[in-house]
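**Student:** The structure under discussion is supplied below as structure tokens; questions concerning it will follow.
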Amino acid sequence: MAFLVFCSHDMFLKLDTHYLEPNSSVEIQLFNGTFSQSDNVITRDRMADVSIVGQGQRTRIDSSQWTERGNTTILSLTTGPVGTWVAGVSTLPRLIELSSSDFNDYLEHDGATDMLQWRIENNALDDDAVEKYSKHVKTIYQVGEAITSDWQTALGYPIEFMPLNNPGTLHAGESFEVELLWNGEPLANQLVYLGSKESTHSHDHDESGGHSHESHSDQGITTFRTDDAGHMSIPIPDHGIYFLKTIHLQHSTEPNITHESNWATLTFEVGHSHGGVAHGHDHTHDEDHDHDHGDEFPTTLFFIGSILIFGGLFLWFNRKKS
Amino acid sequence: MKVISRVLISGLFFILPVLVFAHGVSDADQQILSNGGLGAYIYVGAKHMLTGYDHLLFLAGVIFYLSGFKDIVKFITVFTIGHSITLTGASYAGIKADEHLIDAVIALSVLYKGFENLDGFKKILGTRSPNLLLMVFIFGLIHGFGLATRLQSFDIGTDQFLPKIICFNIGVELGQVLALIPIVFIISKWKSFKSYDSFYKAANFYLVIAGIGLFIFQIYNYFQVH
């Protein structure tokens, strides 16, 4: 079976960089649409929860801190003390009525292919749908250099990505370990998509084998499936801003509602090593970051330089002596 | 061929720290510390000593100057006392430096040791070099402060705070012993070769160059960040 990943109804919390200075002004943008373009703002009355977690404390954000610019909702904050921080937004449920063909299109384009497969197998492709949906989004960002454990704090949303390692200290080539929770319990066998800032411009690619338990990649969007413990190990190929998204879609038992969906995203940045944490000042340069001592000489350069300098000196002194 | 093989062996001597350094471990270390007990702090402390080439280059410089096992034990003990004082004290008191500045000073200790081993004080400055035992103790304090700054970049919580610091320190000492074994072995072995004099000069000139290079790199990074 083939499907397209349009990501056109997703919600994301976005930052220009996830590595911030302490006590500085920052705008966290709430995109509703794709990762590269917000199609509409989110009104405050739709927000069930807006929270910031840092320094071991969860702070509910006042609606006055939100503004709107075009189709984007913006949360203006002053970053707090150094540490790893989490911001989250959870929306109240809404209903949408969809014809069978629109519903099938949406399942295909947004990657809710398990439900589409179920409709195919159960001869239900012609059934219209009334779906109750809500969205729950998180972002992790690093303020200053000191790592704190706040990234491990669960916000208690119906569906939630829980990092098992801090993405802010990851380096290119390492894996991001994540657990997916549904009502606080591990969610097994759930489709999850990984995208990046660079990958979201290609939406019309065709992916096959959507029901495989192996991950596969196509033009920057990579598909994963949680294991029995709700875990995923996600290789991070390069520096950059990434997102995880999933749609938990199930049949509803509520009257006049056919389906209920809960959407989750998590945005994070993998930057450069810097004092135990990474930093995101330059996403393009190509140093070797496989070390833990911050901004030290790149290992390869140090290796080659040491050999050349010492070898050259030794030969020179030896020749001089003889 | 003998010369080339010695260059290769000595190259291995200098890149030993680099070889073990090539691991993406910062987040892995945090994970180990978060999920492990006190043993995790010993492990991470040992790894930080083994993978910190500035510490190892300085120790190599100290070993060059010494002759005899008793001397080595005496100087390494003084260095250990020095870095244990600041590592434990500064970590416990929550005192830390800018990591680039402290690493820049540690780089200067590498430069210093190479310069001293080359008799730079007498030849260039026309003076006697300061008491080495005292200098090793002072540099031990500085290296310990660098390690304390590194330890405080981790989230170690408040539970068993002092035992965690002490275990990290124990790990540092274990890592130091492990690192010293090949360093002492290679330097001692080379003393029986005719080319030791060239090896000695080359190694210490290298320490001077490495010290200058690391110093410039850390200062450059300091101004990049600030």
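Chain labels A, B, ... are given in the sequence in which chains occur in the structure tokens; within each chain residues are numbered consecutively from 1, and ligands are likewise numbered from 1 in the order shown.
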I'd like the contact shell of A:Leu191 - 7 Å cut-off, only C-alpha atoms, skipping same-chain residues fewer than 3 positions apart - returned as a PyMOL selection string.

**Tutor:** chain A and resi 223-226+246

**Student:** Please, could you write that set of residues out with N, CA and C atoms as a compact mmCIF listing (two decimals), in the first residue's frame?

**Tutor:**
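Wrote part_26.txt, looks like this:
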```txt
# COMPACT_ATOMS: atom_id res chain seq x y z
N THR A 223 9.78 6.89 8.64
CA THR A 223 8.68 6.25 9.36
C THR A 223 9.22 5.26 10.38
N PHE A 224 8.66 5.32 11.55
CA PHE A 224 9.02 4.37 12.61
C PHE A 224 7.74 3.77 13.18
N ARG A 225 7.92 2.72 13.90
CA ARG A 225 6.79 2.13 14.61
C ARG A 225 7.26 1.76 16.02
N THR A 226 6.48 2.13 17.01
CA THR A 226 6.91 1.83 18.37
C THR A 226 6.92 0.31 18.60
N THR A 246 2.79 11.91 15.39
CA THR A 246 1.99 10.70 15.32
C THR A 246 0.51 11.07 15.47
```

**Student:** Pick out the residues sitting within 12 Å of stretch 70-78 of chain A, and hand them over as a tab-separated table (two decimals) with N, CA, C and O atoms, in the first residue's frame; count only C-alpha atoms, and ignore anything fewer than 5 positions along from it in its own chain.

**Tutor:**
```tsv
chain	number	residue	atom	x	y	z
A	11	MET	N	0.23	20.23	14.15
A	11	MET	CA	0.53	21.38	15.01
A	11	MET	C	1.94	21.20	15.58
A	11	MET	O	2.32	20.09	15.97
A	12	PHE	N	2.69	22.28	15.57
A	12	PHE	CA	4.07	22.23	16.07
A	12	PHE	C	4.37	23.46	16.91
A	12	PHE	O	3.89	24.55	16.61
A	13	LEU	N	5.20	23.26	17.91
A	13	LEU	CA	5.82	24.39	18.59
A	13	LEU	C	7.21	24.57	17.97
A	13	LEU	O	8.00	23.62	17.94
A	14	LYS	N	7.47	25.77	17.48
A	14	LYS	CA	8.70	25.98	16.71
A	14	LYS	C	9.53	27.12	17.30
A	14	LYS	O	9.00	28.14	17.75
A	15	LEU	N	10.82	26.91	17.25
A	15	LEU	CA	11.77	27.98	17.62
A	15	LEU	C	12.77	28.12	16.48
A	15	LEU	O	13.05	27.16	15.77
A	20	LEU	N	19.33	28.60	23.59
A	20	LEU	CA	19.02	30.00	23.91
A	20	LEU	C	19.90	30.50	25.06
A	20	LEU	O	20.41	29.72	25.86
A	21	GLU	N	20.02	31.81	25.10
A	21	GLU	CA	20.76	32.43	26.18
A	21	GLU	C	19.83	32.61	27.39
A	21	GLU	O	18.62	32.84	27.21
A	22	PRO	N	20.37	32.56	28.61
A	22	PRO	CA	19.51	32.78	29.79
A	22	PRO	C	18.94	34.19	29.80
A	22	PRO	O	19.57	35.14	29.33
A	23	ASN	N	17.75	34.30	30.33
A	23	ASN	CA	17.08	35.59	30.53
A	23	ASN	C	17.06	36.46	29.27
A	23	ASN	O	17.31	37.66	29.33
A	24	SER	N	16.80	35.85	28.17
A	24	SER	CA	16.68	36.59	26.90
A	24	SER	C	15.27	36.40	26.35
A	24	SER	O	14.55	35.48	26.73
A	25	SER	N	14.88	37.28	25.45
A	25	SER	CA	13.55	37.20	24.86
A	25	SER	C	13.52	36.12	23.79
A	25	SER	O	14.48	35.98	23.02
A	26	VAL	N	12.42	35.40	23.77
A	26	VAL	CA	12.28	34.35	22.75
A	26	VAL	C	10.83	34.26	22.32
A	26	VAL	O	9.91	34.56	23.10
A	27	GLU	N	10.64	33.92	21.06
A	27	GLU	CA	9.28	33.69	20.55
A	27	GLU	C	9.15	32.21	20.21
A	27	GLU	O	9.93	31.68	19.43
A	28	ILE	N	8.17	31.57	20.82
A	28	ILE	CA	7.84	30.19	20.44
A	28	ILE	C	6.60	30.27	19.55
A	28	ILE	O	5.56	30.79	19.96
A	29	GLN	N	6.75	29.78	18.34
A	29	GLN	CA	5.64	29.88	17.38
A	29	GLN	C	4.81	28.59	17.40
A	29	GLN	O	5.37	27.50	17.43
A	30	LEU	N	3.53	28.79	17.37
A	30	LEU	CA	2.61	27.63	17.30
A	30	LEU	C	2.09	27.56	15.86
A	30	LEU	O	1.30	28.40	15.43
A	31	PHE	N	2.61	26.58	15.14
A	31	PHE	CA	2.20	26.39	13.74
A	31	PHE	C	1.05	25.39	13.69
A	31	PHE	O	1.12	24.33	14.32
A	32	ASN	N	0.05	25.70	12.90
A	32	ASN	CA	-1.01	24.74	12.64
A	32	ASN	C	-1.11	24.59	11.13
A	32	ASN	O	-1.59	25.48	10.43
A	33	GLY	N	-0.63	23.49	10.62
A	33	GLY	CA	-0.56	23.29	9.16
A	33	GLY	C	0.56	22.32	8.87
A	33	GLY	O	0.46	21.14	9.20
A	34	THR	N	1.61	22.82	8.30
A	34	THR	CA	2.80	22.00	8.09
A	34	THR	C	3.92	22.55	8.94
A	34	THR	O	3.78	23.60	9.57
A	35	PHE	N	5.05	21.87	8.89
A	35	PHE	CA	6.19	22.34	9.68
A	35	PHE	C	6.80	23.61	9.09
A	35	PHE	O	7.48	24.35	9.77
A	36	SER	N	6.54	23.82	7.81
A	36	SER	CA	7.12	25.01	7.16
A	36	SER	C	6.12	26.14	7.01
A	36	SER	O	6.50	27.26	6.69
A	37	GLN	N	4.83	25.87	7.22
A	37	GLN	CA	3.84	26.93	7.01
A	37	GLN	C	2.63	26.72	7.92
A	37	GLN	O	2.06	25.63	7.97
A	38	SER	N	2.27	27.79	8.62
A	38	SER	CA	1.08	27.73	9.46
A	38	SER	C	-0.12	28.24	8.66
A	38	SER	O	-0.06	29.31	8.05
A	39	ASP	N	-1.19	27.47	8.68
A	39	ASP	CA	-2.36	27.84	7.88
A	39	ASP	C	-3.37	28.66	8.66
A	39	ASP	O	-4.19	29.35	8.08
A	40	ASN	N	-3.35	28.54	9.97
A	40	ASN	CA	-4.28	29.34	10.77
A	40	ASN	C	-3.81	29.45	12.21
A	40	ASN	O	-3.01	28.63	12.67
A	41	VAL	N	-4.34	30.47	12.88
A	41	VAL	CA	-3.97	30.67	14.27
A	41	VAL	C	-4.83	29.76	15.16
A	41	VAL	O	-5.86	29.23	14.72
A	42	ILE	N	-4.39	29.61	16.39
A	42	ILE	CA	-5.15	28.84	17.38
A	42	ILE	C	-5.65	29.83	18.43
A	42	ILE	O	-4.85	30.52	19.07
A	43	THR	N	-6.94	29.90	18.55
A	43	THR	CA	-7.49	30.86	19.53
A	43	THR	C	-7.27	30.34	20.95
A	43	THR	O	-7.18	29.13	21.18
A	44	ARG	N	-7.19	31.28	21.87
A	44	ARG	CA	-6.86	30.93	23.25
A	44	ARG	C	-7.89	29.98	23.88
A	44	ARG	O	-7.55	29.15	24.71
A	47	MET	N	-7.16	26.31	23.85
A	47	MET	CA	-5.98	25.77	24.55
A	47	MET	C	-6.38	25.23	25.92
A	47	MET	O	-6.76	25.99	26.81
A	50	VAL	N	-1.30	25.27	28.47
A	50	VAL	CA	-0.04	25.81	27.94
A	50	VAL	C	0.92	25.84	29.11
A	50	VAL	O	0.67	26.51	30.11
A	51	SER	N	2.00	25.09	29.01
A	51	SER	CA	2.90	24.95	30.15
A	51	SER	C	4.35	25.11	29.73
A	51	SER	O	4.74	24.77	28.62
A	52	ILE	N	5.12	25.62	30.67
A	52	ILE	CA	6.57	25.65	30.53
A	52	ILE	C	7.14	24.91	31.74
A	52	ILE	O	6.73	25.15	32.87
A	61	ILE	N	1.01	29.05	31.47
A	61	ILE	CA	1.22	30.32	30.79
A	61	ILE	C	-0.10	31.05	30.62
A	61	ILE	O	-1.10	30.46	30.20
A	62	ASP	N	-0.04	32.33	30.93
A	62	ASP	CA	-1.23	33.18	30.81
A	62	ASP	C	-1.52	33.49	29.34
A	62	ASP	O	-0.61	33.64	28.53
A	63	SER	N	-2.80	33.60	29.03
A	63	SER	CA	-3.19	33.84	27.63
A	63	SER	C	-2.70	35.19	27.10
A	63	SER	O	-2.57	35.38	25.89
A	64	SER	N	-2.39	36.11	28.01
A	64	SER	CA	-1.93	37.43	27.56
A	64	SER	C	-0.56	37.36	26.90
A	64	SER	O	-0.13	38.30	26.23
A	65	GLN	N	0.15	36.26	27.10
A	65	GLN	CA	1.48	36.15	26.51
A	65	GLN	C	1.44	35.68	25.07
A	65	GLN	O	2.46	35.56	24.42
A	87	ALA	N	8.33	23.10	26.65
A	87	ALA	CA	7.10	23.86	26.50
A	87	ALA	C	6.06	22.94	25.86
A	87	ALA	O	6.40	22.10	25.02
A	88	GLY	N	4.83	23.08	26.28
A	88	GLY	CA	3.78	22.22	25.73
A	88	GLY	C	2.46	22.95	25.58
A	88	GLY	O	2.16	23.89	26.34
A	89	VAL	N	1.72	22.53	24.58
A	89	VAL	CA	0.37	23.06	24.36
A	89	VAL	C	-0.55	21.88	24.08
A	89	VAL	O	-0.21	20.98	23.29
A	143	VAL	N	18.59	26.21	27.58
A	143	VAL	CA	18.96	27.57	27.95
A	143	VAL	C	20.34	27.51	28.63
A	143	VAL	O	20.51	26.79	29.62
```

**Student:** Write out as number ranges by chain which residues come within 7 Å of A:Ser90 when counting only C-alpha atoms, dropping same-chain ones fewer than 6 positions away.

**Tutor:** A: 47-50, 135-137, 157

**Student:** Please write the residues from the selection above to a file, keeping N, CA and C atoms, as a PDB file, in the first residue's frame.

**Tutor:**
```
ATOM      1  N   MET A  47      -7.155  26.305  23.846  1.00  0.00           N
ATOM      2  CA  MET A  47      -5.981  25.769  24.547  1.00  0.00           C
ATOM      3  C   MET A  47      -6.377  25.227  25.915  1.00  0.00           C
ATOM      4  N   ALA A  48      -6.300  23.936  26.067  1.00  0.00           N
ATOM      5  CA  ALA A  48      -6.610  23.331  27.361  1.00  0.00           C
ATOM      6  C   ALA A  48      -5.450  23.511  28.328  1.00  0.00           C
ATOM      7  N   ASP A  49      -4.249  23.519  27.781  1.00  0.00           N
ATOM      8  CA  ASP A  49      -3.065  23.680  28.639  1.00  0.00           C
ATOM      9  C   ASP A  49      -1.936  24.308  27.837  1.00  0.00           C
ATOM     10  N   VAL A  50      -1.296  25.268  28.469  1.00  0.00           N
ATOM     11  CA  VAL A  50      -0.042  25.806  27.937  1.00  0.00           C
ATOM     12  C   VAL A  50       0.924  25.839  29.111  1.00  0.00           C
ATOM     13  N   LYS A 135      -5.083  18.078  19.745  1.00  0.00           N
ATOM     14  CA  LYS A 135      -3.648  18.057  19.422  1.00  0.00           C
ATOM     15  C   LYS A 135      -2.829  18.427  20.661  1.00  0.00           C
ATOM     16  N   HIS A 136      -1.690  17.779  20.769  1.00  0.00           N
ATOM     17  CA  HIS A 136      -0.864  17.911  21.980  1.00  0.00           C
ATOM     18  C   HIS A 136       0.600  17.997  21.543  1.00  0.00           C
ATOM     19  N   VAL A 137       1.168  19.165  21.715  1.00  0.00           N
ATOM     20  CA  VAL A 137       2.491  19.391  21.130  1.00  0.00           C
ATOM     21  C   VAL A 137       3.490  19.827  22.197  1.00  0.00           C
ATOM     22  N   TYR A 157      -0.319  14.820  28.902  1.00  0.00           N
ATOM     23  CA  TYR A 157      -1.260  14.931  27.793  1.00  0.00           C
ATOM     24  C   TYR A 157      -1.756  13.533  27.400  1.00  0.00           C
TER      25      TYR A 157
END
```

**Student:** Using atom CA of A:Asn166 and atom CA of B:Ala104 as the two end points, give the distance in Å to one decimal.

**Tutor:** 28.1 Å

**Student:** Given only C-alpha atoms as the basis, pick out the residue of B:Phe154, B:Tyr53, B:Phe139, B:Tyr92 nearest to chain A.

**Tutor:**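 The shortest atom-to-atom distance to chain A comes from B:Phe154.
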
**Student:** I'd like the contact shell of A:Leu266 - 9 Å cut-off, only C-alpha atoms, skipping same-chain residues fewer than 5 positions apart - returned as an MDAnalysis selection string.

**Tutor:** chainID A and resid 12:13 136:140 160:162 242:245

**Student:** What would the file look like if the residues just selected were written as a CSV table (one decimal), in the first residue's frame with all heavy atoms?

**Tutor:**
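Result went into part.csv, see below:
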```
chain,number,residue,atom,x,y,z
A,12,PHE,N,2.7,22.3,15.6
A,12,PHE,CA,4.1,22.2,16.1
A,12,PHE,C,4.4,23.5,16.9
A,12,PHE,O,3.9,24.6,16.6
A,12,PHE,CB,5.1,22.2,14.9
A,12,PHE,CG,4.9,21.1,13.9
A,12,PHE,CD1,4.2,21.3,12.7
A,12,PHE,CD2,5.5,19.8,14.2
A,12,PHE,CE1,4.1,20.2,11.8
A,12,PHE,CE2,5.3,18.8,13.3
A,12,PHE,CZ,4.6,19.0,12.1
A,13,LEU,N,5.2,23.3,17.9
A,13,LEU,CA,5.8,24.4,18.6
A,13,LEU,C,7.2,24.6,18.0
A,13,LEU,O,8.0,23.6,17.9
A,13,LEU,CB,6.0,24.1,20.1
A,13,LEU,CG,4.7,24.3,20.9
A,13,LEU,CD1,4.8,23.7,22.3
A,13,LEU,CD2,4.2,25.7,21.0
A,136,HIS,N,-1.7,17.8,20.8
A,136,HIS,CA,-0.9,17.9,22.0
A,136,HIS,C,0.6,18.0,21.5
A,136,HIS,O,1.1,17.0,21.0
A,136,HIS,CB,-1.1,16.7,22.9
A,136,HIS,CG,-2.5,16.3,23.0
A,136,HIS,ND1,-3.5,17.0,23.7
A,136,HIS,CD2,-3.2,15.3,22.3
A,136,HIS,CE1,-4.7,16.4,23.5
A,136,HIS,NE2,-4.5,15.4,22.7
A,137,VAL,N,1.2,19.2,21.7
A,137,VAL,CA,2.5,19.4,21.1
A,137,VAL,C,3.5,19.8,22.2
A,137,VAL,O,3.1,20.5,23.2
A,137,VAL,CB,2.4,20.4,20.0
A,137,VAL,CG1,1.6,19.9,18.9
A,137,VAL,CG2,1.9,21.8,20.5
A,138,LYS,N,4.7,19.4,22.0
A,138,LYS,CA,5.8,19.8,22.9
A,138,LYS,C,7.0,20.2,22.2
A,138,LYS,O,7.2,19.8,21.0
A,138,LYS,CB,6.2,18.5,23.7
A,138,LYS,CG,5.2,18.1,24.8
A,138,LYS,CD,5.6,16.8,25.4
A,138,LYS,CE,6.9,16.7,26.1
A,138,LYS,NZ,7.1,15.4,26.8
A,139,THR,N,7.9,21.0,22.8
A,139,THR,CA,9.2,21.3,22.3
A,139,THR,C,10.2,21.3,23.5
A,139,THR,O,9.8,21.6,24.6
A,139,THR,CB,9.2,22.6,21.5
A,139,THR,OG1,10.5,22.8,20.9
A,139,THR,CG2,9.0,23.8,22.5
A,140,ILE,N,11.4,20.9,23.1
A,140,ILE,CA,12.5,20.9,24.2
A,140,ILE,C,13.5,21.9,23.7
A,140,ILE,O,13.9,21.9,22.5
A,140,ILE,CB,13.1,19.5,24.3
A,140,ILE,CG1,12.0,18.5,24.9
A,140,ILE,CG2,14.3,19.5,25.2
A,140,ILE,CD1,12.4,17.1,24.9
A,160,GLU,N,1.7,11.5,24.2
A,160,GLU,CA,2.8,12.4,24.5
A,160,GLU,C,4.1,11.6,24.2
A,160,GLU,O,4.3,10.4,24.6
A,160,GLU,CB,2.8,12.7,26.0
A,160,GLU,CG,3.9,13.7,26.4
A,160,GLU,CD,3.8,14.2,27.9
A,160,GLU,OE1,2.7,13.8,28.5
A,160,GLU,OE2,4.6,14.9,28.3
A,161,PHE,N,5.0,12.3,23.5
A,161,PHE,CA,6.4,11.7,23.3
A,161,PHE,C,7.2,12.0,24.5
A,161,PHE,O,7.3,13.2,25.0
A,161,PHE,CB,7.0,12.4,22.1
A,161,PHE,CG,6.5,12.0,20.7
A,161,PHE,CD1,5.7,12.9,20.0
A,161,PHE,CD2,6.7,10.7,20.2
A,161,PHE,CE1,5.2,12.5,18.8
A,161,PHE,CE2,6.2,10.3,19.0
A,161,PHE,CZ,5.5,11.2,18.3
A,162,MET,N,7.8,11.0,25.1
A,162,MET,CA,8.7,11.1,26.2
A,162,MET,C,10.1,10.7,25.9
A,162,MET,O,10.4,9.6,25.6
A,162,MET,CB,8.2,10.2,27.4
A,162,MET,CG,7.0,10.7,28.1
A,162,MET,SD,7.2,12.4,28.8
A,162,MET,CE,8.7,12.2,29.8
A,242,TYR,N,14.4,19.0,14.2
A,242,TYR,CA,13.6,17.9,13.8
A,242,TYR,C,12.2,17.9,14.5
A,242,TYR,O,12.0,18.6,15.5
A,242,TYR,CB,14.3,16.6,14.3
A,242,TYR,CG,15.6,16.3,13.5
A,242,TYR,CD1,16.8,16.8,13.9
A,242,TYR,CD2,15.6,15.4,12.4
A,242,TYR,CE1,18.0,16.5,13.2
A,242,TYR,CE2,16.7,15.1,11.7
A,242,TYR,CZ,17.9,15.7,12.1
A,242,TYR,OH,19.1,15.4,11.4
A,243,PHE,N,11.3,17.1,14.0
A,243,PHE,CA,10.0,16.9,14.6
A,243,PHE,C,9.7,15.4,14.6
A,243,PHE,O,10.0,14.7,13.6
A,243,PHE,CB,8.9,17.8,14.0
A,243,PHE,CG,8.6,17.4,12.6
A,243,PHE,CD1,7.7,16.4,12.3
A,243,PHE,CD2,9.1,18.1,11.5
A,243,PHE,CE1,7.3,16.1,11.0
A,243,PHE,CE2,8.8,17.8,10.2
A,243,PHE,CZ,7.9,16.8,9.9
A,244,LEU,N,8.9,15.0,15.6
A,244,LEU,CA,8.3,13.7,15.6
A,244,LEU,C,6.8,14.0,15.6
A,244,LEU,O,6.3,14.9,16.2
A,244,LEU,CB,8.6,12.9,16.8
A,244,LEU,CG,10.0,12.4,17.0
A,244,LEU,CD1,10.2,11.8,18.4
A,244,LEU,CD2,10.3,11.3,15.9
A,245,LYS,N,6.1,13.2,14.8
A,245,LYS,CA,4.6,13.3,14.8
A,245,LYS,C,3.9,12.0,14.8
A,245,LYS,O,4.5,11.0,14.2
A,245,LYS,CB,4.1,14.2,13.7
A,245,LYS,CG,4.1,13.5,12.3
A,245,LYS,CD,3.1,14.2,11.4
A,245,LYS,CE,2.0,13.2,11.0
A,245,LYS,NZ,1.1,13.7,10.0
```

**Student:** What are the DSSP strand (DSSP E) residues of stretch 128-273 of chain A, as a ChimeraX atom specification?

**Tutor:** /A:129-143,159-163,175-182,185-186,191-196,206-208,216-218,221-225,231-235,240-251,259-270,272-273

**Student:** Quick one, how far is atom CA of B:Arg150 from atom CA of A:Thr84?

**Tutor:**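 According to the coordinates, atom CA of B:Arg150 and atom CA of A:Thr84 are separated by 17.0 Å.
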
**Student:** Quick one: residues within 12 Å of B:Thr77, only C-alpha atoms counted, chain neighbours fewer than 4 positions away excluded, as a list in words?

**Tutor:**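 Here the qualifying residues turn out to be Leu59, Lys70, Asp71, Ile72, Val73, Ile81, Gly82, His83, Ser84, Leu133, Val136, Phe137, Gly140, Glu173, Gln176 and Val177 of chain B.
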
**Student:** What does the file look like for those residues with all heavy atoms, as a compact mmCIF listing (two decimals), in the first residue's frame?

**Tutor:**
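Saved as again.txt:
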```
# COMPACT_ATOMS: atom_id res chain seq x y z
N LEU B 59 50.46 15.25 32.21
CA LEU B 59 51.06 14.15 32.96
C LEU B 59 52.26 13.57 32.21
O LEU B 59 53.28 13.24 32.82
CB LEU B 59 50.02 13.05 33.19
CG LEU B 59 49.05 13.28 34.35
CD1 LEU B 59 47.99 12.20 34.38
CD2 LEU B 59 49.81 13.32 35.68
N LYS B 70 60.08 5.94 42.37
CA LYS B 70 59.75 6.71 43.58
C LYS B 70 59.38 8.15 43.24
O LYS B 70 58.45 8.73 43.81
CB LYS B 70 60.94 6.68 44.55
CG LYS B 70 60.93 5.49 45.50
CD LYS B 70 62.16 5.44 46.37
CE LYS B 70 62.18 6.53 47.43
NZ LYS B 70 63.38 6.41 48.30
N ASP B 71 60.17 8.71 42.32
CA ASP B 71 59.90 10.07 41.87
C ASP B 71 58.51 10.19 41.24
O ASP B 71 57.76 11.13 41.51
CB ASP B 71 60.94 10.48 40.82
CG ASP B 71 61.83 11.58 41.35
OD1 ASP B 71 61.70 11.92 42.55
OD2 ASP B 71 62.65 12.10 40.58
N ILE B 72 58.21 9.22 40.41
CA ILE B 72 56.91 9.23 39.71
C ILE B 72 55.78 9.18 40.74
O ILE B 72 54.84 9.96 40.69
CB ILE B 72 56.81 8.05 38.72
CG1 ILE B 72 57.79 8.27 37.56
CG2 ILE B 72 55.39 7.91 38.19
CD1 ILE B 72 57.94 7.09 36.62
N VAL B 73 55.91 8.28 41.70
CA VAL B 73 54.86 8.14 42.72
C VAL B 73 54.72 9.45 43.50
O VAL B 73 53.61 9.92 43.77
CB VAL B 73 55.19 6.96 43.68
CG1 VAL B 73 54.25 6.96 44.88
CG2 VAL B 73 55.09 5.64 42.93
N ILE B 81 46.71 14.93 44.94
CA ILE B 81 46.21 15.70 46.10
C ILE B 81 45.68 17.05 45.63
O ILE B 81 44.60 17.49 46.01
CB ILE B 81 47.33 15.87 47.15
CG1 ILE B 81 47.66 14.53 47.80
CG2 ILE B 81 46.92 16.89 48.22
CD1 ILE B 81 48.94 14.53 48.64
N GLY B 82 46.46 17.69 44.75
CA GLY B 82 46.05 19.00 44.23
C GLY B 82 44.71 18.95 43.54
O GLY B 82 43.78 19.71 43.86
N HIS B 83 44.55 18.03 42.59
CA HIS B 83 43.29 18.05 41.84
C HIS B 83 42.13 17.49 42.65
O HIS B 83 40.97 17.85 42.41
CB HIS B 83 43.41 17.42 40.43
CG HIS B 83 43.52 15.94 40.38
ND1 HIS B 83 44.54 15.29 39.71
CD2 HIS B 83 42.75 14.96 40.86
CE1 HIS B 83 44.37 14.00 39.79
NE2 HIS B 83 43.29 13.76 40.49
N SER B 84 42.43 16.66 43.65
CA SER B 84 41.34 16.16 44.50
C SER B 84 40.76 17.28 45.36
O SER B 84 39.56 17.33 45.61
CB SER B 84 41.85 15.03 45.40
OG SER B 84 42.22 13.92 44.62
N LEU B 133 57.83 20.44 42.23
CA LEU B 133 56.82 19.82 43.08
C LEU B 133 55.71 20.82 43.41
O LEU B 133 54.51 20.48 43.37
CB LEU B 133 57.47 19.31 44.38
CG LEU B 133 56.76 18.16 45.10
CD1 LEU B 133 56.57 16.97 44.19
CD2 LEU B 133 57.52 17.76 46.35
N VAL B 136 53.64 21.40 40.23
CA VAL B 136 52.74 20.26 39.95
C VAL B 136 51.53 20.33 40.87
O VAL B 136 50.39 20.05 40.46
CB VAL B 136 53.50 18.92 40.10
CG1 VAL B 136 52.54 17.74 40.14
CG2 VAL B 136 54.47 18.75 38.95
N PHE B 137 51.77 20.74 42.12
CA PHE B 137 50.65 20.88 43.06
C PHE B 137 49.69 21.98 42.59
O PHE B 137 48.47 21.79 42.57
CB PHE B 137 51.18 21.21 44.46
CG PHE B 137 50.09 21.42 45.48
CD1 PHE B 137 49.33 20.35 45.93
CD2 PHE B 137 49.81 22.68 45.97
CE1 PHE B 137 48.31 20.53 46.86
CE2 PHE B 137 48.79 22.88 46.90
CZ PHE B 137 48.05 21.80 47.35
N GLY B 140 47.92 20.87 39.66
CA GLY B 140 46.93 19.88 40.10
C GLY B 140 45.65 20.56 40.55
O GLY B 140 44.54 20.12 40.23
N GLU B 173 40.99 9.19 39.57
CA GLU B 173 42.29 8.60 39.98
C GLU B 173 42.54 7.27 39.26
O GLU B 173 43.65 6.98 38.83
CB GLU B 173 42.33 8.38 41.50
CG GLU B 173 41.97 9.58 42.36
CD GLU B 173 42.54 10.89 41.87
OE1 GLU B 173 43.63 10.90 41.26
OE2 GLU B 173 41.88 11.92 42.06
N GLN B 176 43.49 7.97 35.81
CA GLN B 176 44.86 8.49 35.77
C GLN B 176 45.87 7.35 35.82
O GLN B 176 46.84 7.34 35.06
CB GLN B 176 45.05 9.44 36.95
CG GLN B 176 46.41 10.08 37.00
CD GLN B 176 46.46 11.10 38.14
OE1 GLN B 176 45.99 12.21 37.98
NE2 GLN B 176 47.02 10.71 39.26
N VAL B 177 45.63 6.40 36.71
CA VAL B 177 46.54 5.25 36.82
C VAL B 177 46.56 4.47 35.51
O VAL B 177 47.63 4.10 35.00
CB VAL B 177 46.12 4.34 38.00
CG1 VAL B 177 46.90 3.03 37.98
CG2 VAL B 177 46.34 5.05 39.32
```
